[in-house]
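Have a look at the structure below before the remarks.
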Amino acid sequence: MEGVSELLNRIEDSGMIVPVHVREAMCSLHLEQFTSYDYDCFFHDRPVVFMETKNGGVKTISAPHMIVTLLHQLELTEGQEVLILGSKGGYLAALIATILGEDGRVLLLDPSEEIIRHTAKALSGWPTIDVRTIEAIEVAPIETPGDLNRIVITGGISEIPKWMEERIVENGFVIAPIGQDINQELMKIERQGDELYPTSLGPVSFGPVDIIESEPKPLTAVEIVDLIETLIETCHEMEMCSQEDLHALAELADQLRLMEHLEQEGLEEFIIENMQQFVHLWPMIQLMLAPSLARPGDIDGSDDTSGPTFDEFKP
């Protein structure tokens, strides 16, 4: 695919390594096999949506430079077995299976039955890929291979599940975004003897593994207070607000702090009553929350690599 090849050239020109086997695999696949959504954003080095829930949950195929990073760091060779936690629409699994060849095996796990149905359909012509639903990330699935050599987790988690850690073989490793919410460190955790040694591959911004956890939830009073206090600190350091604005923010936070145990309806009434103040704050909140995200392969020439690597987060 000419468009993918040019995209990979841009990623390579930014200084990232694009191994030959990764380039060949990505150029051999067609994205429409894995998503029915528009995927023009893929050529701007952005994620591509492959599923949405009725409650606003979203799952994506990772941005191309993230896919290149994962495939490069997995150190893949023909005939290996790889475990993937988190579907990515089946695209990542198909790429890995292409690199591993007919003697390789890929086990893809995801906690969402709906996503597994989508992924199994997309991968129906791939005999070396086994697609399964799991009860929960923390629970070892039935019939998982006892020894794990290569593992990649495609959603943000606070720690590696114990069942995974216990099964990593000597010199085997797991690659995962470790952290909270949307900000994590992409970690490569390798077993050497009885110890697991972590190496940071840089800051990233992943959504959760489970699509249900990506559904937006109402903020509590305490969470809004935390947000406002962070906003006050940011505005003060960057001189984004007047002293009058900062004082108004502090008063808003003080009022909300007294509403810690208020039901959601009461909190909504408070927000409506103070709507003018919240509307005034919104542009600053957006600026504070939106991370500066790298897009080294953007077709429009954006080669900024200073921010965290973009994956699933939608500002």
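Every chain in the structure tokens has a letter given in the order shown (A, B, ...), and although residue numbers restart at 1 in each chain, ligands are simply numbered from 1 in the order shown.
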Could you list, with a cut-off of 10 Å and counting only C-alpha atoms, the residues of region 19-94 of chain A near region 173-180 of chain A, each shown with its nearest atom pair and the distance in Å rounded to one decimal, rows sorted by chain and ascending number, as a tab-separated table?
residue	atom	partner	partner_atom	distance
A:Leu70	CA	A:Ile175	CA	7.7
A:Gln73	CA	A:Ile175	CA	8.0
A:Leu74	CA	A:Ile175	CA	7.5
A:Val82	CA	A:Val174	CA	9.9
A:Leu83	CA	A:Val174	CA	9.1
A:Ile84	CA	A:Val174	CA	9.7
A:Leu85	CA	A:Ala176	CA	9.5
Export of prior selection with N, CA and C atoms as a PDB file, in the first residue's frame:
ATOM      1  N   LEU A  70       5.642  -0.762  19.157  1.00  0.00           N
ATOM      2  CA  LEU A  70       5.328  -2.040  19.803  1.00  0.00           C
ATOM      3  C   LEU A  70       5.956  -3.208  19.047  1.00  0.00           C
ATOM      4  N   GLN A  73       9.785  -3.180  19.509  1.00  0.00           N
ATOM      5  CA  GLN A  73      10.224  -3.540  20.859  1.00  0.00           C
ATOM      6  C   GLN A  73       9.906  -5.002  21.207  1.00  0.00           C
ATOM      7  N   LEU A  74       8.976  -5.630  20.505  1.00  0.00           N
ATOM      8  CA  LEU A  74       8.659  -7.037  20.780  1.00  0.00           C
ATOM      9  C   LEU A  74       9.756  -7.993  20.309  1.00  0.00           C
ATOM     10  N   VAL A  82       3.088 -15.326  20.877  1.00  0.00           N
ATOM     11  CA  VAL A  82       2.893 -14.006  21.449  1.00  0.00           C
ATOM     12  C   VAL A  82       1.502 -13.914  22.050  1.00  0.00           C
ATOM     13  N   LEU A  83       1.420 -13.347  23.249  1.00  0.00           N
ATOM     14  CA  LEU A  83       0.140 -13.090  23.910  1.00  0.00           C
ATOM     15  C   LEU A  83      -0.177 -11.605  23.815  1.00  0.00           C
ATOM     16  N   ILE A  84      -1.380 -11.266  23.350  1.00  0.00           N
ATOM     17  CA  ILE A  84      -1.846  -9.885  23.267  1.00  0.00           C
ATOM     18  C   ILE A  84      -3.043  -9.734  24.195  1.00  0.00           C
ATOM     19  N   LEU A  85      -2.983  -8.760  25.086  1.00  0.00           N
ATOM     20  CA  LEU A  85      -4.125  -8.434  25.939  1.00  0.00           C
ATOM     21  C   LEU A  85      -4.693  -7.104  25.467  1.00  0.00           C
TER      22      LEU A  85
END
Practice problem: Going by DSSP on the backbone, which bits of region 174-292 of chain A are alpha helix (DSSP H)? Write them as an MDAnalysis selection string, please. | Solution: chainID A and resid 221:238 243:257 264:273 275:289
Quiz item: Using only C-alpha atoms, which residues sit within 6 Å of region 50-55 of chain A once same-chain residues fewer than 4 positions away are excluded, as a list in words?
Solution: Thr35, Lys59 and Thr60 of chain A
Quiz prompt | Distance query Asn171 (chain A) at most 7 Å, only C-alpha atoms, self and fewer than 5 positions along chain excluded, as a PyMOL selection string | solution = chain A and resi 190-192
Practice problem: Please give the complete set of residues from region 11-118 of chain A that DSSP, run on the backbone, assigns to strand (DSSP E), formatted as number ranges by chain. | Solution: A: 48-52, 58-61, 81-85, 105-110
